[in-house]
Amino acid sequence: LVPVVSSSANTWYCPKNRTKRCNYNLVVATDNVTVAGPPLPPSSSSATNDDSLRAVLDCEWSYDHVPQQRRGFVVEAGVRFTLRNMVIRRCRAGCGPPFYSLASPFDVVFSSLLEAIHAVDAPSRVLCSGGGLATKAGTRVSLWDVTFDRNRGREGGGVAMIGGAVGEWRDVTFVGNTADAGGALLVTSGSTLTWRGGSVESNCARSVEAAAVEISGDGTTANLVKVSVVSNLCDVESTCWRKREHAYRGYLCRNEEDNLFDEANVRTRPLSSC
């Protein structure tokens with residue numbers, strides 16, 4: 001996203017002369033930017049599935065793109081960012097190589113090679129996490145009427161907040177997101193979240209004793225008011241892809257990190273579930 005030069009307001013657009021599409025890996029590096037869709041009509045619920053009423057950022061990630069990563073938004077350290085009236089859909093963060101360089105088409109979670117090397121030496125939990133939204137240290141993120149739909153990550157399938165990030169949320173919904181831990185949301189390492197209104201439903205946390213919402217680490221606080229957390233189960237049966245992925249995980253004892261990245265190595269030995 002680049003600023004509209006002729007405008008004095010914080011107005012941003014997707015330049016047509018860029019080869020990269022602007023529906024994924026959007027890096028927010030300018031302080032105090034707002035990205036907003038049109039507000040819903042008063043008669044509509046914030047959880048509506050009617051896309052004609054919502055602004056949708058669809059990263060369009062699928063297994064065909066493995067090992068490519070397509071996060072929704074990456075908020076740089078110390079930046080204030082506001083997101084309103086949007087759906088963030090089918091985005092993905094994982095640990096498939098390469099994930100270091102901003103110039104890479106695969107991932108842009110790090111702004112420089114130096115930052116990536118530091119994160120590898122002292123692993124950051126945002127490294128392979130936060131499919132829909134990844135917030136770095138010291139960010140302040142406001143969400144209002146935002147839905148995270150079918151995103152994926154190692155932790156925090158929908159959102160990962162790390163390093164003392166601060167969240168002020170209202171009417172935020174997570175549905176159908178997947179991760180090893182924090183299927184919908186990870187809040188950790190001294191971050192603070194205040195969340196009023198919304199829901200966490202049908203999200204999948206694959207690891208044993210993992211949760212749809214993970215709040216962990218010293219100094220981390222979260223205050224959830226009128227947020228429903230219901231029916232968060234892993235679907236491993238409904239489609240051929242889900243059956244195959246589940247069987248592949250069991251066959252090679254894999255976790256969420258690029259389950260099918262080297263699937264060709266076992267493709268000649270069909271998995272009976274699909």
# chains A, B, ... in the order shown; residues from 1 in each chain; ligands from 1
call {"tool": "residues_around", "arguments": {"residues": "Leu26 (chain A)", "least_positions_apart": "2", "cutoff": "8 Å", "atoms": "only C-alpha atoms", "output": "list in words"}}
result
Leu1, Cys22, Asn23, Tyr24, Val28, Arg71, Gly72, Phe73 and Val74 of chain A
call {"tool": "residues_around", "arguments": {"residues": "region 148-158 of chain A", "least_positions_apart": "2", "cutoff": "8 Å", "atoms": "only C-alpha atoms", "output": "tab-separated table (two decimals) with C-alpha atoms, in the first residue's frame"}}
result
chain	number	residue	atom	x	y	z
A	87	VAL	CA	-13.32	-9.81	6.46
A	88	ILE	CA	-9.79	-11.32	6.38
A	89	ARG	CA	-10.06	-14.67	4.62
A	90	ARG	CA	-7.92	-17.65	3.53
A	91	CYS	CA	-4.56	-16.22	4.59
A	92	ARG	CA	-1.69	-18.35	5.78
A	93	ALA	CA	1.55	-18.12	7.78
A	94	GLY	CA	3.88	-21.08	8.14
A	95	CYS	CA	7.52	-22.08	8.39
A	125	ARG	CA	6.49	-16.47	18.06
A	128	CYS	CA	5.42	-18.53	11.45
A	129	SER	CA	2.20	-17.32	13.06
A	130	GLY	CA	-0.69	-14.92	12.62
A	131	GLY	CA	-2.15	-15.89	9.26
A	132	GLY	CA	-4.68	-13.08	9.09
A	133	LEU	CA	-2.85	-10.46	11.15
A	146	VAL	CA	-13.62	-7.51	11.70
A	160	ALA	CA	-0.80	-13.34	16.64
A	172	VAL	CA	-14.39	-9.25	16.26
A	173	THR	CA	-15.24	-12.74	14.98
A	174	PHE	CA	-13.03	-15.78	14.37
A	175	VAL	CA	-14.47	-18.67	12.36
A	176	GLY	CA	-12.81	-21.68	10.75
A	177	ASN	CA	-9.19	-20.73	11.52
A	178	THR	CA	-6.52	-23.40	12.08
A	179	ALA	CA	-3.21	-23.62	13.95
A	180	ASP	CA	-1.26	-26.04	16.10
A	181	ALA	CA	-1.97	-23.80	19.11
A	182	GLY	CA	-4.22	-20.78	19.42
A	183	GLY	CA	-6.39	-21.93	16.54
A	184	ALA	CA	-8.00	-18.51	16.33
A	185	LEU	CA	-5.80	-16.19	18.40
A	186	LEU	CA	-2.43	-16.03	20.18
A	213	VAL	CA	-7.61	-18.81	22.13
A	214	GLU	CA	-4.19	-18.87	23.81
A	256	GLU	CA	1.15	-27.76	11.19
A	257	GLU	CA	4.37	-26.58	9.52
call {"tool": "select_by_dssp", "arguments": {"residues": "region 147-262 of chain A", "states": "strand (DSSP E)", "output": "PyMOL selection string"}}
result
chain A and resi 147-149+152-155+159-161+166-175+178-181+185-187+192-201+204-205+213-215+221-230
call {"tool": "closest_residue", "arguments": {"among": "A:Leu83, A:Val56, A:Leu127, A:Ala205", "to": "Gln69 (chain A)", "atoms": "only C-alpha atoms"}}
result
A:Leu127
call {"tool": "residues_around", "arguments": {"residues": "Ser124 (chain A)", "least_positions_apart": "6", "cutoff": "9 Å", "atoms": "only C-alpha atoms", "output": "ChimeraX atom specification"}}
result
/A:118,162-163
call {"tool": "write_last_selection", "arguments": {"atoms": "C-alpha atoms", "output": "mmCIF file, in the first residue's frame"}}
result
data_model
loop_
_atom_site.group_PDB
_atom_site.id
_atom_site.type_symbol
_atom_site.label_atom_id
_atom_site.label_comp_id
_atom_site.auth_asym_id
_atom_site.auth_seq_id
_atom_site.Cartn_x
_atom_site.Cartn_y
_atom_site.Cartn_z
ATOM 1 C CA HIS A 118 17.805 -12.004 15.012
ATOM 2 C CA ILE A 162 3.531 -10.596 20.583
ATOM 3 C CA GLY A 163 6.083 -8.431 22.373
#
call {"tool": "residues_around", "arguments": {"residues": "Trp144 (chain A)", "least_positions_apart": "3", "cutoff": "7 Å", "atoms": "only C-alpha atoms", "output": "VMD selection string"}}
result
chain A and resid 83 to 85 169 to 172
call {"tool": "write_last_selection", "arguments": {"atoms": "N, CA, C and O atoms", "output": "compact mmCIF listing (two decimals), in the first residue's frame"}}
result
# COMPACT_ATOMS: atom_id res chain seq x y z
N LEU A 83 -8.21 -1.25 11.88
CA LEU A 83 -8.88 -2.01 10.82
C LEU A 83 -10.36 -2.06 11.16
O LEU A 83 -10.74 -2.47 12.27
N ARG A 84 -11.21 -1.67 10.21
CA ARG A 84 -12.65 -1.59 10.46
C ARG A 84 -13.44 -2.23 9.32
O ARG A 84 -13.07 -2.12 8.15
N ASN A 85 -14.53 -2.89 9.70
CA ASN A 85 -15.55 -3.32 8.73
C ASN A 85 -14.97 -4.17 7.60
O ASN A 85 -15.15 -3.88 6.43
N TRP A 169 -10.30 -4.11 20.73
CA TRP A 169 -11.17 -4.74 19.75
C TRP A 169 -12.63 -4.60 20.15
O TRP A 169 -12.99 -4.64 21.32
N ARG A 170 -13.47 -4.49 19.11
CA ARG A 170 -14.92 -4.50 19.33
C ARG A 170 -15.58 -5.25 18.17
O ARG A 170 -15.30 -4.99 17.01
N ASP A 171 -16.44 -6.21 18.51
CA ASP A 171 -17.18 -7.00 17.52
C ASP A 171 -16.23 -7.68 16.52
O ASP A 171 -16.30 -7.48 15.31
N VAL A 172 -15.35 -8.50 17.06
CA VAL A 172 -14.39 -9.25 16.26
C VAL A 172 -14.77 -10.73 16.29
O VAL A 172 -15.02 -11.28 17.37
